[in-house]
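As provided, run-v9.pdb (PDB, C-alpha atoms) reads as follows.
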```pdb
MODEL        1
ATOM      1  CA  MET A 336     160.374 113.717 121.731
ATOM      2  CA  LYS A 337     157.374 115.714 122.944
ATOM      3  CA  LEU A 338     158.766 115.830 126.486
ATOM      4  CA  LYS A 339     162.087 117.157 125.222
ATOM      5  CA  THR A 340     160.343 119.867 123.170
ATOM      6  CA  TRP A 341     158.175 120.771 126.148
ATOM      7  CA  LEU A 342     161.224 121.065 128.449
ATOM      8  CA  ILE A 343     163.020 123.284 125.940
ATOM      9  CA  GLY A 344     159.902 125.452 125.680
ATOM     10  CA  VAL A 345     159.712 125.779 129.461
ATOM     11  CA  ALA A 346     163.421 126.693 129.678
ATOM     12  CA  VAL A 347     163.114 129.304 126.930
ATOM     13  CA  GLY A 348     159.950 130.685 128.537
ATOM     14  CA  ALA A 349     161.656 130.952 131.926
ATOM     15  CA  ALA A 350     164.646 132.724 130.366
ATOM     16  CA  VAL A 351     162.398 135.199 128.550
ATOM     17  CA  LEU A 352     160.423 135.780 131.736
ATOM     18  CA  GLN A 353     163.612 136.474 133.703
ATOM     19  CA  MET A 354     164.839 138.879 131.022
ATOM     20  CA  GLY A 355     161.489 140.660 131.120
ATOM     21  CA  ILE A 356     161.708 140.974 134.888
ATOM     22  CA  VAL A 357     165.248 142.303 134.733
ATOM     23  CA  GLN A 358     164.371 144.810 132.021
ATOM     24  CA  ALA A 359     161.247 145.976 133.855
ATOM     25  CA  LYS A 360     163.204 146.919 136.978
ATOM     26  CA  THR A 361     164.106 150.604 136.884
ATOM     27  CA  GLU A 362     166.390 152.229 139.395
ATOM     28  CA  VAL A 363     164.907 155.246 141.153
ATOM     29  CA  VAL A 364     167.579 157.914 140.926
ATOM     30  CA  VAL A 365     165.631 161.138 140.576
ATOM     31  CA  LYS A 366     163.252 161.546 143.486
ATOM     32  CA  ALA A 367     162.688 164.857 145.197
ATOM     33  CA  ASP A 368     159.731 166.388 147.008
ATOM     34  CA  ASN A 369     160.697 170.070 146.781
ATOM     35  CA  LYS A 370     162.855 172.518 144.790
ATOM     36  CA  ASP A 371     165.913 172.332 147.048
ATOM     37  CA  ASP A 372     165.995 168.526 147.052
ATOM     38  CA  PHE A 373     165.534 168.539 143.280
ATOM     39  CA  ALA A 374     168.499 170.891 142.772
ATOM     40  CA  ALA A 375     170.666 168.549 144.862
ATOM     41  CA  VAL A 376     169.504 165.518 142.856
ATOM     42  CA  VAL A 377     170.268 167.247 139.535
ATOM     43  CA  ALA A 378     173.742 168.175 140.763
ATOM     44  CA  ALA A 379     174.362 164.607 141.953
ATOM     45  CA  VAL A 380     173.257 163.122 138.635
ATOM     46  CA  HIS A 381     175.457 165.518 136.670
ATOM     47  CA  GLN A 382     178.362 164.577 138.976
ATOM     48  CA  GLN A 383     177.738 160.873 138.320
ATOM     49  CA  MET A 384     177.783 161.501 134.538
ATOM     50  CA  LEU A 385     181.424 162.619 134.776
ATOM     51  CA  PRO A 386     184.226 160.108 134.117
ATOM     52  CA  GLY A 387     184.377 157.556 136.925
ATOM     53  CA  GLY A 388     180.697 158.024 137.876
ATOM     54  CA  HIS A 389     177.870 155.529 137.634
ATOM     55  CA  TYR A 390     176.555 157.163 134.473
ATOM     56  CA  GLU A 391     179.818 158.070 132.760
ATOM     57  CA  PHE A 392     178.865 156.161 129.612
ATOM     58  CA  THR A 393     175.680 158.151 129.000
ATOM     59  CA  SER A 394     175.636 159.264 125.366
ATOM     60  CA  LYS A 395     175.483 162.926 124.363
ATOM     61  CA  LYS A 396     171.958 162.446 123.052
ATOM     62  CA  ASP A 397     170.812 160.845 126.314
ATOM     63  CA  ARG A 398     172.522 163.631 128.298
ATOM     64  CA  ALA A 399     170.637 166.209 126.230
ATOM     65  CA  ASP A 400     167.353 164.342 126.802
ATOM     66  CA  ILE A 401     168.061 164.136 130.542
ATOM     67  CA  ASP A 402     168.815 167.854 130.713
ATOM     68  CA  THR A 403     165.630 168.639 128.774
ATOM     69  CA  GLN A 404     163.605 166.586 131.253
ATOM     70  CA  PHE A 405     165.396 168.199 134.199
ATOM     71  CA  SER A 406     164.530 171.608 132.753
ATOM     72  CA  ALA A 407     160.867 170.669 132.434
ATOM     73  CA  MET A 408     160.852 169.343 136.010
ATOM     74  CA  GLN A 409     162.566 172.517 137.238
ATOM     75  CA  THR A 410     159.854 174.599 135.578
ATOM     76  CA  LEU A 411     157.202 172.601 137.445
ATOM     77  CA  PHE A 412     159.048 173.011 140.747
ATOM     78  CA  ASP A 413     159.403 176.749 140.086
ATOM     79  CA  LYS A 414     155.693 177.021 139.423
ATOM     80  CA  TYR A 415     154.317 174.759 142.173
ATOM     81  CA  GLY A 416     157.118 174.376 144.716
ATOM     82  CA  THR A 417     156.402 170.847 145.941
ATOM     83  CA  VAL A 418     155.345 167.493 144.547
ATOM     84  CA  ALA A 419     152.320 167.523 146.862
ATOM     85  CA  GLN A 420     150.981 170.616 145.098
ATOM     86  CA  MET A 421     151.596 169.004 141.702
ATOM     87  CA  VAL A 422     149.784 165.849 142.811
ATOM     88  CA  GLN A 423     146.913 167.975 144.081
ATOM     89  CA  LEU A 424     146.796 169.754 140.706
ATOM     90  CA  PHE A 425     146.820 166.393 138.896
ATOM     91  CA  ASN A 426     143.998 165.060 141.110
ATOM     92  CA  GLU A 427     141.925 168.187 140.560
ATOM     93  CA  GLN A 428     142.441 167.910 136.800
ATOM     94  CA  GLN A 429     141.368 164.262 136.927
ATOM     95  CA  THR A 430     138.208 165.219 138.827
ATOM     96  CA  VAL A 431     137.343 167.944 136.310
ATOM     97  CA  ASN A 432     138.024 165.579 133.394
ATOM     98  CA  ALA A 433     135.814 162.890 134.955
ATOM     99  CA  LEU A 434     132.968 165.356 135.475
ATOM    100  CA  LEU A 435     133.261 166.695 131.932
ATOM    101  CA  THR A 436     133.366 163.169 130.491
ATOM    102  CA  HIS A 437     130.272 162.188 132.476
ATOM    103  CA  ASN A 438     128.380 165.275 131.282
ATOM    104  CA  ASN A 439     129.491 165.080 127.635
ATOM    105  CA  SER A 440     126.312 165.337 125.554
ATOM    106  CA  ASP A 441     127.860 163.043 122.915
ATOM    107  CA  ARG A 442     128.511 160.226 125.417
ATOM    108  CA  LEU A 443     126.688 157.109 124.300
ATOM    109  CA  ILE A 444     124.420 155.370 126.814
ATOM    110  CA  CYS A 445     123.166 151.899 125.921
ATOM    111  CA  GLU A 446     120.598 149.902 127.864
ATOM    112  CA  HIS A 447     118.948 146.526 127.416
ATOM    113  CA  VAL A 448     115.179 146.917 127.424
ATOM    114  CA  ALA A 449     112.484 144.322 126.845
ATOM    115  CA  PRO A 450     109.932 145.934 124.504
ATOM    116  CA  LEU A 451     106.287 145.906 125.540
ATOM    117  CA  GLY A 452     104.808 142.463 124.836
ATOM    118  CA  SER A 453     108.169 140.744 124.452
ATOM    119  CA  ASN A 454     110.661 139.091 126.743
ATOM    120  CA  ILE A 455     113.491 139.455 124.257
ATOM    121  CA  PRO A 456     115.594 142.450 125.271
ATOM    122  CA  LYS A 457     116.762 144.939 122.695
ATOM    123  CA  THR A 458     119.746 147.203 123.035
ATOM    124  CA  ILE A 459     118.795 150.846 122.756
ATOM    125  CA  CYS A 460     121.579 153.415 122.514
ATOM    126  CA  ARG A 461     121.121 157.164 122.865
ATOM    127  CA  THR A 462     123.461 160.014 123.627
ATOM    128  CA  TYR A 463     123.524 161.602 127.062
ATOM    129  CA  GLY A 464     122.273 164.808 125.436
ATOM    130  CA  GLU A 465     119.226 163.036 123.990
ATOM    131  CA  VAL A 466     118.391 161.524 127.377
ATOM    132  CA  GLN A 467     118.727 164.877 129.140
ATOM    133  CA  ARG A 468     116.678 166.710 126.494
ATOM    134  CA  GLU A 469     113.935 164.085 126.764
ATOM    135  CA  GLN A 470     113.851 164.451 130.559
ATOM    136  CA  ARG A 471     113.838 168.254 130.313
ATOM    137  CA  ASP A 472     111.031 168.224 127.726
ATOM    138  CA  SER A 473     108.983 165.790 129.832
ATOM    139  CA  GLN A 474     109.356 168.021 132.885
ATOM    140  CA  HIS A 475     108.399 171.076 130.827
ATOM    141  CA  TYR A 476     105.316 169.271 129.470
ATOM    142  CA  LEU A 477     104.211 168.237 132.987
ATOM    143  CA  GLN A 478     104.654 171.754 134.338
ATOM    144  CA  THR A 479     102.742 173.250 131.419
ATOM    145  CA  PHE A 480      99.928 170.717 131.812
ATOM    146  CA  GLN A 481      99.644 171.434 135.537
ATOM    147  CA  GLN A 482      99.359 175.189 134.895
ATOM    148  CA  VAL A 483      96.401 174.859 132.514
ATOM    149  CA  PRO A 484      93.214 175.652 134.438
ATOM    150  CA  GLN A 485      90.950 172.638 134.677
ATOM    151  CA  TRP A 486      87.394 173.153 133.513
ATOM    152  CA  LYS A 487      84.924 172.414 136.182
ATOM    153  CA  GLY A 488      81.547 171.789 134.784
ATOM    154  CA  GLY A 489      78.588 172.684 136.831
ATOM    155  CA  ASN A 490      74.868 172.723 136.378
TER
ENDMDL
END
```
Could you render the structure from this file as C-alpha coordinates?
Amino acid sequence: MKLKTWLIGVAVGAAVLQMGIVQAKTEVVVKADNKDDFAAVVAAVHQQMLPGGHYEFTSKKDRADIDTQFSAMQTLFDKYGTVAQMVQLFNEQQTVNALLTHNNSDRLICEHVAPLGSNIPKTICRTYGEVQREQRDSQHYLQTFQQVPQWKGGN
(Lines of atoms letter the chains of each structure in order from A and count residues from 1; the text may use other names and numbers.)
(Lines give C-alpha, C1' and ligand atoms only; values in the text may rest on other atoms or scores of the structure.)
Protein backbone atom coordinates (compact mmCIF):
# COMPACT_ATOMS: atom_id res chain seq x y z
CA MET A 1 0.00 0.00 0.00
CA LYS A 2 2.82 2.41 0.85
CA LEU A 3 4.55 1.70 -2.47
CA LYS A 4 1.36 2.43 -4.38
CA THR A 5 0.87 5.73 -2.51
CA TRP A 6 4.50 6.64 -3.12
CA LEU A 7 4.20 5.92 -6.87
CA ILE A 8 1.05 8.03 -7.12
CA GLY A 9 2.84 10.85 -5.28
CA VAL A 10 5.79 10.65 -7.67
CA ALA A 11 3.46 10.69 -10.71
CA VAL A 12 1.51 13.67 -9.40
CA GLY A 13 4.76 15.46 -8.52
CA ALA A 14 6.16 14.85 -12.01
CA ALA A 15 2.95 16.13 -13.61
CA VAL A 16 2.98 19.28 -11.47
CA LEU A 17 6.65 19.81 -12.26
CA GLN A 18 5.99 19.49 -16.00
CA MET A 19 3.08 21.93 -15.78
CA GLY A 20 5.31 24.37 -13.90
CA ILE A 21 7.97 24.07 -16.57
CA VAL A 22 5.47 24.60 -19.36
CA GLN A 23 3.92 27.61 -17.64
CA ALA A 24 7.32 29.15 -16.88
CA LYS A 25 8.33 29.18 -20.55
CA THR A 26 7.53 32.55 -22.10
CA GLU A 27 7.84 33.24 -25.78
CA VAL A 28 10.03 36.22 -26.64
CA VAL A 29 7.99 38.24 -29.11
CA VAL A 30 8.90 41.83 -28.33
CA LYS A 31 12.64 42.32 -28.61
CA ALA A 32 14.17 45.39 -30.17
CA ASP A 33 17.42 47.25 -29.62
CA ASN A 34 16.48 50.62 -31.13
CA LYS A 35 13.47 52.80 -32.03
CA ASP A 36 13.15 51.62 -35.63
CA ASP A 37 13.24 47.93 -34.70
CA PHE A 38 10.72 48.60 -31.94
CA ALA A 39 8.29 50.29 -34.35
CA ALA A 40 8.51 47.25 -36.64
CA VAL A 41 7.89 44.87 -33.72
CA VAL A 42 4.83 46.86 -32.58
CA ALA A 43 3.42 46.81 -36.11
CA ALA A 44 4.03 43.06 -36.39
CA VAL A 45 2.33 42.35 -33.06
CA HIS A 46 -0.69 44.47 -34.00
CA GLN A 47 -0.84 42.59 -37.33
CA GLN A 48 -0.79 39.25 -35.49
CA MET A 49 -3.67 40.40 -33.24
CA LEU A 50 -5.94 40.64 -36.30
CA PRO A 51 -8.20 37.70 -37.23
CA GLY A 52 -6.10 34.79 -38.49
CA GLY A 53 -2.97 35.91 -36.58
CA HIS A 54 -1.19 34.16 -33.74
CA TYR A 55 -2.75 36.49 -31.19
CA GLU A 56 -6.22 36.90 -32.66
CA PHE A 57 -7.88 35.73 -29.44
CA THR A 58 -6.31 38.44 -27.28
CA SER A 59 -9.05 40.05 -25.20
CA LYS A 60 -9.83 43.76 -25.40
CA LYS A 61 -8.47 44.27 -21.89
CA ASP A 62 -5.20 42.50 -22.76
CA ARG A 63 -4.95 44.52 -26.00
CA ALA A 64 -5.35 47.72 -23.98
CA ASP A 65 -2.68 46.56 -21.51
CA ILE A 66 -0.34 45.66 -24.38
CA ASP A 67 -0.85 49.05 -26.00
CA THR A 68 -0.22 50.79 -22.67
CA GLN A 69 3.05 48.89 -22.28
CA PHE A 70 4.01 49.63 -25.89
CA SER A 71 3.38 53.32 -25.22
CA ALA A 72 5.59 53.26 -22.14
CA MET A 73 8.33 51.46 -24.09
CA GLN A 74 8.00 53.97 -26.95
CA THR A 75 8.48 56.81 -24.47
CA LEU A 76 11.70 55.20 -23.25
CA PHE A 77 12.94 54.70 -26.82
CA ASP A 78 12.07 58.33 -27.62
CA LYS A 79 14.02 59.50 -24.60
CA TYR A 80 17.07 57.22 -24.80
CA GLY A 81 17.14 55.86 -28.35
CA THR A 82 18.66 52.44 -27.71
CA VAL A 83 18.44 49.64 -25.17
CA ALA A 84 22.17 49.99 -24.50
CA GLN A 85 21.62 53.53 -23.21
CA MET A 86 18.73 52.34 -21.04
CA VAL A 87 20.88 49.53 -19.63
CA GLN A 88 23.65 52.02 -18.95
CA LEU A 89 21.13 54.26 -17.15
CA PHE A 90 19.88 51.28 -15.12
CA ASN A 91 23.45 50.29 -14.18
CA GLU A 92 24.30 53.84 -13.15
CA GLN A 93 21.15 54.01 -11.02
CA GLN A 94 22.09 50.71 -9.38
CA THR A 95 25.56 52.05 -8.59
CA VAL A 96 24.15 55.23 -7.05
CA ASN A 97 21.60 53.23 -5.04
CA ALA A 98 24.33 50.89 -3.76
CA LEU A 99 26.51 53.82 -2.70
CA LEU A 100 23.61 55.56 -0.97
CA THR A 101 22.59 52.35 0.80
CA HIS A 102 26.16 51.79 2.00
CA ASN A 103 26.40 55.36 3.32
CA ASN A 104 22.94 55.46 4.93
CA SER A 105 23.48 56.71 8.49
CA ASP A 106 20.56 54.55 9.68
CA ARG A 107 22.11 51.32 8.33
CA LEU A 108 22.59 48.88 11.18
CA ILE A 109 26.04 47.33 11.63
CA CYS A 110 26.33 44.39 14.02
CA GLU A 111 29.55 42.74 15.13
CA HIS A 112 30.43 39.91 17.48
CA VAL A 113 32.92 41.12 20.08
CA ALA A 114 34.36 39.29 23.06
CA PRO A 115 34.23 41.75 25.99
CA LEU A 116 37.42 42.37 27.94
CA GLY A 117 38.00 39.48 30.35
CA SER A 118 35.55 37.14 28.64
CA ASN A 119 35.68 34.66 25.80
CA ILE A 120 31.93 34.75 25.28
CA PRO A 121 31.19 37.03 22.34
CA LYS A 122 28.40 39.55 22.51
CA THR A 123 26.60 41.03 19.56
CA ILE A 124 26.88 44.80 19.47
CA CYS A 125 24.77 46.70 16.96
CA ARG A 126 25.19 50.36 16.08
CA THR A 127 24.11 52.49 13.17
CA TYR A 128 26.59 53.50 10.49
CA GLY A 129 26.08 57.11 11.60
CA GLU A 130 27.07 56.28 15.18
CA VAL A 131 30.22 54.51 13.99
CA GLN A 132 31.19 57.41 11.73
CA ARG A 133 30.50 60.02 14.43
CA GLU A 134 32.61 58.05 16.91
CA GLN A 135 35.50 57.86 14.43
CA ARG A 136 35.18 61.57 13.60
CA ASP A 137 35.10 62.54 17.29
CA SER A 138 38.12 60.33 18.04
CA GLN A 139 40.08 61.95 15.22
CA HIS A 140 39.06 65.41 16.44
CA TYR A 141 40.14 64.55 19.99
CA LEU A 142 43.55 63.28 18.79
CA GLN A 143 44.14 66.37 16.68
CA THR A 144 43.16 68.66 19.54
CA PHE A 145 45.41 66.78 21.97
CA GLN A 146 48.36 66.99 19.58
CA GLN A 147 47.93 70.77 19.22
CA VAL A 148 48.11 71.45 22.97
CA PRO A 149 51.63 72.63 23.80
CA GLN A 150 53.42 70.19 26.06
CA TRP A 151 54.88 71.63 29.23
CA LYS A 152 58.54 71.07 29.47
CA GLY A 153 59.75 71.42 32.96
CA GLY A 154 63.20 72.63 33.53
CA ASN A 155 65.32 73.55 36.48
| remark: Atom pair CA of Thr410 in chain A + CA of Thr393 in chain A, distance 23.8 Å
| query | Near Ser406 in chain A, within 12 Å and counting only C-alpha atoms, which residues show up once chain neighbours fewer than 6 positions away are dropped, as a PyMOL selection string? | reply | chain A and resi 373-374+377+399-400+412-413
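Proximity ranking of A:Lys366, A:Pro484, A:Ser473, A:Glu465 relative to Thr417 in chain A places A:Lys366 first, based on all atoms listed in the file.
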| said: What's the separation between CA of Leu443 in chain A and CA of Leu424 in chain A, in Å to one decimal place? | reply: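 Those two atoms sit 28.9 Å apart.
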| request: Record the distance separating CA of Arg471 in chain A and CA of Ala449 in chain A, expressed in Å with one decimal. | output: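 Distance reported for this atom pair: 24.2 Å.
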Quick one: what's the axis-aligned box for range 424-443 of chain A, all listed atoms, 6 Å on every side, centre and edges in Å to one decimal, as JSON?
```
{"center_x": 136.6, "center_y": 163.4, "center_z": 132.0, "size_x": 32.5, "size_y": 24.6, "size_z": 30.2}
```
| message | List the spatial neighbours of Val376 in chain A as a VMD selection string - criterion: any atom at most 12 Å away, only C-alpha atoms, same-chain residues fewer than 5 positions off excluded. | response | chain A and resid 363 to 371 381 to 383 405 408 to 409
Let's have the selection written as a PDB file, in the frame of the given file, with C-alpha atoms.
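As a result, part.pdb now contains:
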```pdb
ATOM      1  CA  VAL A 363     164.907 155.246 141.153  1.00  0.00           C
ATOM      2  CA  VAL A 364     167.579 157.914 140.926  1.00  0.00           C
ATOM      3  CA  VAL A 365     165.631 161.138 140.576  1.00  0.00           C
ATOM      4  CA  LYS A 366     163.252 161.546 143.486  1.00  0.00           C
ATOM      5  CA  ALA A 367     162.688 164.857 145.197  1.00  0.00           C
ATOM      6  CA  ASP A 368     159.731 166.388 147.008  1.00  0.00           C
ATOM      7  CA  ASN A 369     160.697 170.070 146.781  1.00  0.00           C
ATOM      8  CA  LYS A 370     162.855 172.518 144.790  1.00  0.00           C
ATOM      9  CA  ASP A 371     165.913 172.332 147.048  1.00  0.00           C
ATOM     10  CA  HIS A 381     175.457 165.518 136.670  1.00  0.00           C
ATOM     11  CA  GLN A 382     178.362 164.577 138.976  1.00  0.00           C
ATOM     12  CA  GLN A 383     177.738 160.873 138.320  1.00  0.00           C
ATOM     13  CA  PHE A 405     165.396 168.199 134.199  1.00  0.00           C
ATOM     14  CA  MET A 408     160.852 169.343 136.010  1.00  0.00           C
ATOM     15  CA  GLN A 409     162.566 172.517 137.238  1.00  0.00           C
TER      16      GLN A 409
END
```
